Each structure stands twice: as C-alpha cells, then as structure tokens.
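Dropping final.txt in here (compact mmCIF, C-alpha atoms):
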# COMPACT_ATOMS: atom_id res chain seq x y z
CA MET A 1 -13.03 -9.91 12.11
CA THR A 2 -14.14 -6.99 14.30
CA PRO A 3 -12.13 -3.79 14.39
CA GLU A 4 -11.26 -4.39 18.04
CA SER A 5 -9.97 -7.91 17.62
CA PRO A 6 -6.41 -8.45 18.93
CA GLU A 7 -5.14 -9.65 15.55
CA ARG A 8 -6.12 -6.35 13.99
CA GLU A 9 -4.10 -4.45 16.57
CA GLU A 10 -1.07 -6.71 16.34
CA ILE A 11 -0.17 -6.20 12.69
CA SER A 12 2.74 -3.81 12.48
CA ASP A 13 2.90 -0.88 10.07
CA GLU A 14 5.80 -2.56 8.31
CA ALA A 15 3.81 -5.78 7.80
CA LEU A 16 0.87 -3.76 6.47
CA CYS A 17 3.19 -1.97 4.06
CA ALA A 18 4.47 -5.34 2.81
CA ARG A 19 0.85 -6.39 2.22
CA VAL A 20 0.20 -3.16 0.31
CA ALA A 21 3.21 -4.00 -1.86
CA ALA A 22 1.64 -7.41 -2.49
CA GLY A 23 -1.51 -5.66 -3.72
CA GLU A 24 -3.75 -6.05 -0.66
CA GLU A 25 -6.18 -3.14 -0.77
CA ALA A 26 -7.44 -3.66 2.79
CA ALA A 27 -3.92 -3.24 4.16
CA PHE A 28 -3.69 0.15 2.48
CA ASP A 29 -7.01 1.21 4.00
CA ARG A 30 -5.77 0.24 7.43
CA LEU A 31 -2.54 2.18 7.04
CA VAL A 32 -4.58 5.21 5.98
CA GLU A 33 -6.84 4.86 9.03
CA ARG A 34 -3.81 4.62 11.30
CA TYR A 35 -1.95 7.59 9.87
CA GLN A 36 -4.61 9.93 8.48
CA GLY A 37 -4.84 12.05 11.65
CA ARG A 38 -1.09 12.38 12.13
CA ALA A 39 -0.49 12.99 8.43
CA TYR A 40 -3.13 15.69 8.14
CA ARG A 41 -2.06 17.39 11.40
CA LEU A 42 1.62 17.41 10.40
CA ALA A 43 0.85 18.78 6.93
CA TRP A 44 -1.47 21.40 8.43
CA SER A 45 1.22 22.50 10.91
CA LEU A 46 3.79 22.86 8.14
CA LEU A 47 1.48 24.55 5.63
CA ARG A 48 -1.25 26.18 7.76
CA ASP A 49 -3.81 25.63 5.04
CA PRO A 50 -6.60 23.00 5.32
CA GLU A 51 -6.89 22.42 1.55
CA ASP A 52 -3.14 22.01 1.07
CA ALA A 53 -2.91 19.81 4.17
CA ARG A 54 -5.61 17.50 2.82
CA ASP A 55 -4.15 17.45 -0.67
CA LEU A 56 -0.56 16.74 0.38
CA SER A 57 -1.36 14.23 3.12
CA GLN A 58 -3.46 12.30 0.57
CA GLU A 59 -0.62 12.58 -1.93
CA ALA A 60 1.73 11.05 0.65
CA PHE A 61 -0.64 8.06 0.98
CA LEU A 62 -0.75 7.71 -2.81
CA ARG A 63 3.05 7.66 -2.89
CA VAL A 64 3.03 4.94 -0.24
CA TYR A 65 0.61 2.90 -2.35
CA GLN A 66 2.70 3.34 -5.49
CA SER A 67 6.10 2.68 -3.92
CA ALA A 68 5.31 0.26 -1.09
CA SER A 69 7.49 -2.34 -2.75
CA ARG A 70 10.46 0.01 -2.45
CA PHE A 71 10.10 0.24 1.36
CA ARG A 72 13.12 -1.78 2.44
CA GLY A 73 12.21 -2.13 6.10
CA ASP A 74 15.58 -0.94 7.40
CA ALA A 75 13.79 2.06 8.92
CA ARG A 76 10.40 2.19 10.60
CA PHE A 77 7.42 2.69 8.34
CA SER A 78 6.51 5.87 10.25
CA THR A 79 9.94 7.38 9.51
CA TRP A 80 9.63 6.54 5.83
CA PHE A 81 6.09 7.90 5.64
CA TYR A 82 6.94 11.15 7.48
CA ARG A 83 9.91 11.61 5.17
CA ILE A 84 7.63 11.42 2.12
CA LEU A 85 5.12 13.79 3.68
CA VAL A 86 7.62 16.35 5.00
CA ASN A 87 9.41 16.46 1.64
CA LEU A 88 6.10 17.02 -0.14
CA CYS A 89 5.18 19.84 2.24
CA LEU A 90 8.55 21.57 2.08
CA ASP A 91 8.61 21.33 -1.73
CA HIS A 92 5.10 22.77 -1.82
CA ARG A 93 6.13 25.69 0.38
CA ARG A 94 9.17 26.40 -1.75
CA ARG A 95 7.03 26.48 -4.89
CA GLY A 96 4.48 28.63 -3.07
CA ARG A 97 7.06 31.19 -2.05
CA TRP A 98 8.35 31.40 -5.61
CA TRP A 99 4.84 32.06 -6.86
CA GLN A 100 4.14 34.57 -4.08
CA ARG A 101 7.35 36.47 -4.88
CA THR A 102 6.46 36.63 -8.58
CA VAL A 103 2.94 37.87 -7.90
CA THR A 104 4.12 40.47 -5.37
CA ARG A 105 6.78 41.76 -7.77
CA GLY A 106 4.12 42.16 -10.42
CA ARG A 107 1.96 44.24 -8.10
CA ASP A 108 4.60 46.74 -7.01
CA ASP A 109 2.41 49.72 -7.87
CA ASP A 110 -0.51 48.39 -5.94
CA ASP A 111 -1.06 50.37 -2.74
CA GLU A 112 -2.79 47.45 -1.09
CA ALA A 113 0.26 45.24 -1.66
CA LEU A 114 2.45 47.86 -0.03
CA VAL A 115 0.16 47.98 2.99
CA ASP A 116 0.20 44.19 3.16
CA ARG A 117 3.96 44.23 3.36
CA GLN A 118 4.05 46.54 6.41
CA PRO A 119 4.97 44.73 9.63
CA ALA A 120 1.93 43.81 11.67
CA THR A 121 1.28 46.16 14.55
CA GLY A 122 1.78 44.56 17.94
CA PRO A 123 -0.56 44.91 20.88
CA GLU A 124 -0.66 48.19 22.74
CA PRO A 125 1.49 48.23 25.90
CA GLY A 126 -0.38 46.70 28.76
CA GLU A 127 -2.98 45.12 26.49
CA ARG A 128 -3.53 41.47 27.32
CA LEU A 129 -3.35 39.09 24.39
CA SER A 130 -6.23 36.75 23.90
CA GLU A 131 -5.54 33.03 23.52
CA GLU A 132 -6.35 33.27 19.81
CA GLN A 133 -3.94 36.17 19.39
CA ILE A 134 -1.19 34.21 21.12
CA MET A 135 -1.79 31.24 18.81
CA THR A 136 -1.68 33.50 15.75
CA GLN A 137 1.54 35.01 17.06
CA VAL A 138 3.04 31.56 17.66
CA TRP A 139 2.16 30.33 14.16
CA ASP A 140 3.37 33.54 12.55
CA ALA A 141 6.68 33.00 14.31
CA VAL A 142 6.77 29.34 13.22
CA ARG A 143 6.07 30.37 9.63
CA ARG A 144 9.12 32.64 9.67
CA LEU A 145 11.43 29.77 10.62
CA SER A 146 13.51 28.08 7.95
CA PRO A 147 11.80 24.99 6.45
CA GLN A 148 14.19 22.62 8.23
CA GLN A 149 13.75 24.38 11.58
CA ARG A 150 9.97 24.40 11.18
CA ALA A 151 9.86 20.72 10.32
CA ALA A 152 12.16 19.84 13.23
CA VAL A 153 10.06 21.82 15.72
CA VAL A 154 6.73 20.42 14.50
CA LEU A 155 8.01 16.83 14.52
CA SER A 156 9.45 17.29 17.99
CA VAL A 157 6.56 19.09 19.68
CA GLN A 158 3.57 17.72 17.81
CA GLU A 159 4.65 14.21 16.91
CA GLU A 160 6.88 13.91 20.01
CA MET A 161 9.63 12.40 17.88
CA SER A 162 13.15 11.98 19.22
CA THR A 163 16.00 13.94 17.65
CA ALA A 164 17.31 10.67 16.18
CA ASP A 165 13.97 9.98 14.45
CA ILE A 166 13.72 13.57 13.22
CA ALA A 167 17.22 13.19 11.78
CA ALA A 168 16.07 10.07 9.93
CA VAL A 169 13.03 11.92 8.53
CA LEU A 170 14.99 15.00 7.49
CA GLU A 171 17.90 12.88 6.28
CA CYS A 172 20.53 14.77 8.26
CA ALA A 173 22.77 14.13 11.26
CA GLU A 174 21.32 14.18 14.77
CA PRO A 175 23.54 17.10 15.92
CA THR A 176 22.13 19.07 12.98
CA VAL A 177 18.60 18.46 14.26
CA ARG A 178 19.65 19.69 17.69
CA VAL A 179 21.01 22.87 16.12
CA HIS A 180 17.76 23.32 14.12
CA LEU A 181 15.72 22.94 17.31
CA HIS A 182 17.95 25.27 19.31
CA ARG A 183 17.84 27.99 16.66
CA ALA A 184 14.11 27.57 16.20
CA VAL A 185 13.49 27.95 19.94
CA GLN A 186 15.72 31.03 20.05
CA ALA A 187 13.86 32.62 17.14
CA LEU A 188 10.47 31.79 18.65
CA ARG A 189 11.57 33.11 22.04
CA ARG A 190 12.53 36.42 20.46
CA ALA A 191 9.28 36.56 18.50
CA LEU A 192 7.05 35.74 21.46
CA LYS A 193 8.73 37.93 24.02
CA PRO A 194 6.30 40.65 25.22
CA MET B 1 31.43 19.63 30.46
CA SER B 2 33.03 22.84 31.72
CA ALA B 3 31.16 25.82 33.16
CA THR B 4 31.74 27.78 29.96
CA ASP B 5 30.72 24.92 27.65
CA HIS B 6 26.97 25.59 27.64
CA PRO B 7 24.83 22.66 26.44
CA GLU B 8 22.49 24.93 24.46
CA THR B 9 21.64 22.41 21.74
CA ALA B 10 20.87 19.72 24.33
CA LEU B 11 18.14 21.70 26.11
CA VAL B 12 15.21 20.56 23.91
CA PRO B 13 16.13 16.85 24.08
CA TYR B 14 16.80 17.31 27.82
CA LEU B 15 13.31 18.70 28.39
CA ARG B 16 11.78 15.94 26.29
CA ASP B 17 13.76 13.33 28.18
CA GLN B 18 15.50 12.10 25.06
CA LEU B 19 19.13 12.17 26.20
CA ALA B 20 21.21 9.14 27.04
CA ALA B 21 21.83 8.74 30.79
CA ASP B 22 25.44 10.00 30.76
CA GLU B 23 24.65 13.08 28.69
CA ARG B 24 21.59 13.82 30.77
CA ALA B 25 23.72 13.69 33.93
CA ARG B 26 26.29 16.08 32.40
CA VAL B 27 23.59 18.56 31.37
CA ALA B 28 21.94 18.36 34.79
CA ALA B 29 25.28 19.04 36.51
CA HIS B 30 25.87 22.03 34.26
CA LEU B 31 22.40 23.41 34.93
CA GLU B 32 23.08 23.21 38.68
CA ALA B 33 26.08 25.46 38.24
CA CYS B 34 24.95 27.80 35.42
CA ALA B 35 22.21 30.36 36.04
CA ALA B 36 22.23 31.49 32.38
CA CYS B 37 21.45 27.95 31.16
CA ARG B 38 18.73 27.56 33.80
CA GLY B 39 17.15 30.73 32.41
CA ALA B 40 17.49 29.41 28.86
CA LEU B 41 15.89 26.13 29.97
CA THR B 42 12.88 27.98 31.44
CA ASP B 43 12.47 30.01 28.22
CA THR B 44 12.77 26.87 26.09
CA ARG B 45 10.08 25.12 28.14
CA ALA B 46 7.77 28.13 27.71
CA VAL B 47 8.25 28.10 23.92
CA LEU B 48 7.62 24.35 23.67
CA ASP B 49 4.48 24.66 25.83
CA ALA B 50 3.16 27.51 23.67
CA LEU B 51 3.78 25.43 20.54
CA ALA B 52 2.08 22.38 22.01
CA GLU B 53 -1.00 24.47 22.87
CA ALA B 54 -1.10 26.05 19.42
CA ALA B 55 -0.74 22.70 17.63
CA ALA B 56 -4.46 21.86 17.41
CA ALA B 57 -5.38 21.45 13.74
CA PRO B 58 -8.98 21.59 12.50
CA GLU B 59 -10.04 18.02 11.74
CA PRO B 60 -11.53 17.21 8.36
CA HIS B 61 -14.44 14.80 7.87
CA TRP B 62 -12.49 11.54 7.80
CA GLY B 63 -15.07 9.60 5.78
CA ARG B 64 -14.95 12.21 3.05
CA TYR B 65 -11.18 12.35 3.30
CA ARG B 66 -10.87 8.61 2.65
CA ALA B 67 -13.44 8.73 -0.16
CA GLU B 68 -11.43 11.47 -1.88
CA LEU B 69 -8.25 9.51 -1.41
CA ARG B 70 -9.86 6.41 -2.89
CA ALA B 71 -11.07 8.44 -5.90
CA ARG B 72 -7.58 9.87 -6.45
CA LEU B 73 -6.10 6.40 -6.21
CA GLU B 74 -8.54 5.08 -8.83
CA ALA B 75 -7.81 8.03 -11.13
CA ARG B 76 -4.09 7.45 -10.82
CA ARG B 77 -4.49 3.75 -11.46
CA ARG B 78 -6.49 4.47 -14.63
CA ALA B 79 -3.82 6.94 -15.74
CA THR B 80 -1.13 4.32 -15.12
CA VAL B 81 -3.02 1.71 -17.15
CA TRP B 82 -3.51 4.21 -19.99
CA TRP B 83 0.17 5.14 -19.82
CA ARG B 84 1.29 1.51 -19.84
CA ARG B 85 -0.90 0.75 -22.85
CA THR B 86 -0.21 3.90 -24.82
CA VAL B 87 3.53 4.38 -24.35
CA PRO B 88 4.68 1.04 -25.83
CA VAL B 89 2.40 1.60 -28.84
CA ALA B 90 3.70 5.15 -29.30
CA VAL B 91 7.32 4.07 -28.93
CA SER B 92 6.86 1.18 -31.39
CA ALA B 93 5.17 3.47 -33.92
CA THR B 94 7.95 6.04 -33.65
CA LEU B 95 10.64 3.41 -34.08
CA ALA B 96 8.84 1.91 -37.09
CA ALA B 97 8.49 5.35 -38.68
CA ALA B 98 12.18 6.08 -38.08
CA LEU B 99 13.22 2.76 -39.63
CA LEU B 100 10.95 3.38 -42.63
CA LEU B 101 12.45 6.81 -43.18
CA LEU B 102 15.98 5.40 -43.02
CA THR B 103 15.11 2.65 -45.51
CA LEU B 104 13.36 4.91 -48.03
CA ARG B 105 15.88 7.73 -47.86
CA PRO B 106 17.69 8.09 -51.28
CA THR B 107 21.43 7.35 -51.12
CA PRO B 108 23.38 10.47 -52.07
CA VAL B 109 25.69 10.01 -55.13
CA GLU B 110 29.33 10.61 -54.26
CA GLN B 111 30.64 13.69 -56.10
CA PRO B 112 34.38 14.35 -56.53
CA PRO B 113 35.36 17.38 -54.56
CA ALA B 114 35.27 20.34 -56.88
CA SER B 115 38.37 22.45 -56.32
CA LEU B 116 37.38 25.20 -58.79
CA THR B 117 33.99 26.49 -59.71
CA PRO B 118 33.20 26.84 -63.44
CA LEU B 119 33.43 30.64 -63.12
CA GLU B 120 36.93 30.41 -61.60
CA GLU B 121 38.04 27.99 -64.38
CA THR B 122 36.85 30.45 -67.08
CA ALA B 123 38.68 33.37 -65.48
CA LEU B 124 41.89 31.36 -65.21
CA GLY B 125 41.66 30.24 -68.86
CA ALA B 126 41.38 33.83 -69.98
CA ARG B 127 44.74 34.65 -68.36
CA LEU B 128 46.70 31.69 -69.78
CA ASP B 129 48.45 34.00 -72.30
CA MET B 130 50.28 35.54 -69.34
CA LEU B 131 52.28 32.30 -69.12
CA LYS B 132 53.82 33.08 -72.54
CA HIS B 133 55.63 36.01 -70.95
CA TYR B 134 56.54 34.15 -67.78
CA GLU B 135 60.27 34.21 -68.59
CA VAL B 136 60.20 37.99 -69.04
CA VAL B 137 58.46 38.41 -65.71
CA GLN B 138 61.06 36.15 -64.08
CA ARG B 139 63.93 38.30 -65.47
CA LEU B 140 62.43 41.50 -64.12
CA ASP B 141 63.79 40.42 -60.73
CA MET B 142 67.26 40.08 -62.29
CA LEU B 143 67.00 43.63 -63.66
CA ASP B 144 66.23 44.85 -60.13
CA GLU B 145 69.36 43.12 -58.81
CA MET B 146 71.57 44.50 -61.61
CA ASP B 147 70.30 48.01 -60.86
CA THR B 148 71.31 47.56 -57.21
CA VAL B 149 74.83 46.33 -58.17
CA ARG B 150 75.25 49.23 -60.52
CA ASN B 151 74.46 51.73 -57.80
CA LEU B 152 76.49 50.15 -55.00
CA ASP B 153 78.81 53.13 -54.68
CA VAL B 154 75.79 55.47 -54.31
CA VAL B 155 74.19 53.55 -51.44
CA PRO B 156 75.30 55.21 -48.19
CA VAL B 157 77.16 53.11 -45.57
CA GLY B 158 74.71 51.95 -42.90
CA GLY B 159 72.00 51.25 -45.44
CA ARG B 160 69.84 54.33 -44.74

Give the structure from this file in structure tokens form.
Amino acid sequence: MTPESPEREEISDEALCARVAAGEEAAFDRLVERYQGRAYRLAWSLLRDPEDARDLSQEAFLRVYQSASRFRGDARFSTWFYRILVNLCLDHRRRGRWWQRTVTRGRDDDDEALVDRQPATGPEPGERLSEEQIMTQVWDAVRRLSPQQRAAVVLSVQEEMSTADIAAVLECAEPTVRVHLHRAVQALRRALKP
Amino acid sequence: MSATDHPETALVPYLRDQLAADERARVAAHLEACAACRGALTDTRAVLDALAEAAAAPEPHWGRYRAELRARLEARRRATVWWRRTVPVAVSATLAAALLLLTLRPTPVEQPPASLTPLEETALGARLDMLKHYEVVQRLDMLDEMDTVRNLDVVPVGGR
C-alpha cells in the first residue's frame, strides 16, 4: 500500500485508535504521523520550550498507546488526545512554577535575582518595534494568562477549534470557555497596547 | 439583546464564525447599534491576528522525534513487563512471610489480672494489726458527736 492510496486516507482517527487498542503497531505509527505536528506545536505554545514540548507531546502519544482501549468513542479522538496533552502541559507548568518559586525564594540575597524580577523596560517612545520584539511581547503576554485562558486562546487561534470543542478538551462548560477567551483577549489587548 | 446587553463573550466566536445563525444575527444587530462593541471587535481581531502570526513553532526533526518516541515506548513496555513479573512474585513472597510469622508466633499464656503488686500486698499485710483497733476508731466518731451534744448551749444561734 502506498502512502497516498485512498484507503490510507479514509481510516478515521477513531478507527486507528481502536486498532492501537487491538495491538496494531502500524496504527499507532500512523496516529503519531497525523498528530505529531499539531501535538508538538500545541505543547510548544503552552510551554514555550522545545525540549518540554517534545517530551510532553511524546508522553501524550505514550498515554494514547497505553490507554487506547479506554477511548470510548463518544468524543472525537482529537478531543481526547488534546485533553491528554493539555492536561500534561498544564500540570507541567504548575510543577514548574512551584519549583521556580522555591528556587527564587532561596536566592533572595542574590542581586542578579532581584534584577531579574524587575519589570522589563518597554521600548522608548516613538521607537518602532521589530517583528521579533512584537512576537516576544505577544508570548510574554500569553505566558501571563491563567493556564485555562492560555489553553483556550491557543486552542482557538492555533488549532482553530470551536468553543464547544475547547470546552470538551478543558472539561468545562462552553460559556466558561467564552469567558476565558474574552478575559484573555482583554488582558492581551492591555499588554499589547502601545 | 438590548443596547446595554453587550455581547462581549461572543466576540471571539463571532469573529471565528462559530456562532449559531440566530445568535450571530443578534450579535450583528447589536454591533450595528453599539460603537463601543464595534471598537471592542476591532481590538479583538487585532489581538487574534497578532497571536496567529506569533504562533509559528520551531519544527523538530520528525524522524528523530519518532525514533525517540519509539525508544520511549520500548522502554516503557520493558518496564511494564518487569513490573508484571516482579510484583506478583513480591506480593506472594510477602504474603507467605506474613503467614509464616503468624503461624510460628508463640501463643501468649493467659495471666489472671493482677489487682495488687507483690509490694502493695506486703505493705497491706504489715498494717493488718490496725484492724484489731477498728472498733475503737469507729467509736471516735461517736465521741465527736457526744462532744457536740454536750456543748449545744455554747454554740451560738445561726451556727457561726
């Protein structure tokens, strides 16, 4: 069978997941090929670290392999997979913040740490921001959002998911997702205003 | 939707064309009438555009990525096999050891509850002669009462 054959394209994610549950290695490889780009990009957007993005997106695939038999099929595979991945990333960030807080508290006498904690200086009035600076500013603003807001925004903008699908991934009500998105946009608007 | 009921939380789904037809029509009608919401819509679009432009992630080498994933999968599988083999053996060994300990444990001999220690018994025995004078001790109370009766006329009224 060639990679471009119609049969290869026709198999749904859900059917592939069922084959993974039945122990078919090739089905797992195909799911990985289908989702690797999206998984890595989503993890990278939530974590902003290439190593962590690779590690956690791979971990999400391992979880799929291990628990494919528990996928009930009442939701789409993509929703289930994103839920695993987003939960991994948000847990990782929570643990990271705890560690960061502990380390920073331990370095209170360190002058460098104090300098690090000063707010970043903005551009001089009239200075035009480069594209790279704008991107840095955007991601800094995204990083300051709450985990739920950040996940909602990334899933909406990057993965172009509907609010209903985001609600299924984040396991909350759709109006809650709308509120997350609204508050995130407000916060980003404030942060990006010249 | 009234003029004061601003559809703020519907702006992102409106821009992404994710609203049902009736809600979309209500939001559109409100936007026609509300300059503040039109401004908010413009700002929201600018934020979403900036995010979409900033969303480009550096791509890893996918061949290496899949090789790493495969290696992790194999490692986890080996760990699972080891776990499945080792845990039942460990659990069985622990249970066997616990049973053995229970079987070999000496049965404690039931002792009657000792109300007095030997030291207390000796001390009490030494004072048994006090019982000979028990009647005298009992009558001391009577002497107290007789003394009170004898002095009734001396006790002031009111008892003080």

Next item on the list: Tell me the residues of chain A close to chain B, meaning within 6 Å using all atoms listed in the file, as a PyMOL selection string.
Entry: chain A and resi 41+58+135+178-179+182

Next item on the list: Figure out the distance between atom CA of A:Ser162 and atom CA of A:Ser146, please, to one decimal in Å.
Entry: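 For atom CA of A:Ser146 relative to atom CA of A:Ser162, the distance reads 19.7 Å.
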
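Put simply, atom CA of A:Pro147 is 27.1 Å away from atom CA of A:Arg72.
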
Note to self: Excluding A:Tyr35 and its own-chain neighbours fewer than 3 positions away, which residues fall within 10 Å of it when counting all atoms listed in the file? Please give them as a ChimeraX atom specification.
What the structure shows: /A:13,30-32,38-41,57,61,78,81-82

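The spacing separating atom CA of A:Ile84 from atom CA of A:Arg183 amounts to 24.3 Å.
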
Item checked: Counting all atoms listed in the file, the option among B:Ala33, B:Gly39, B:His6, B:Glu74 closest to A:Tyr65 -> B:Glu74

For A:Arg150, find every residue with an atom within 9 Å (counting only C-alpha atoms), except residues of its own chain fewer than 5 positions away, and show them as a CSV table (one decimal) with C-alpha atoms, in the coordinates of the input.
chain,number,residue,atom,x,y,z
A,45,SER,CA,1.2,22.5,10.9
A,46,LEU,CA,3.8,22.9,8.1
A,142,VAL,CA,6.8,29.3,13.2
A,143,ARG,CA,6.1,30.4,9.6
A,144,ARG,CA,9.1,32.6,9.7
A,145,LEU,CA,11.4,29.8,10.6
A,155,LEU,CA,8.0,16.8,14.5
A,180,HIS,CA,17.8,23.3,14.1
A,181,LEU,CA,15.7,22.9,17.3
A,184,ALA,CA,14.1,27.6,16.2

Item checked: Spatial neighbours of stretch 16-25 of chain A, 8 Å, all atoms listed in the file, chain gap at least 2 places, as a VMD selection string -> chain A and resid 11 to 14 27 to 31 65 67 to 69 71 77

What's the 9 Å shell around A:His92, counting only C-alpha atoms, without same-chain residues fewer than 5 positions away, as a tab-separated table (two decimals) with C-alpha atoms, keeping the file's coordinate frame?
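Written out: part25.tsv:
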chain	number	residue	atom	x	y	z
A	47	LEU	CA	1.48	24.55	5.63
A	52	ASP	CA	-3.14	22.01	1.07
A	56	LEU	CA	-0.56	16.74	0.38
A	87	ASN	CA	9.41	16.46	1.64
A	97	ARG	CA	7.06	31.19	-2.05
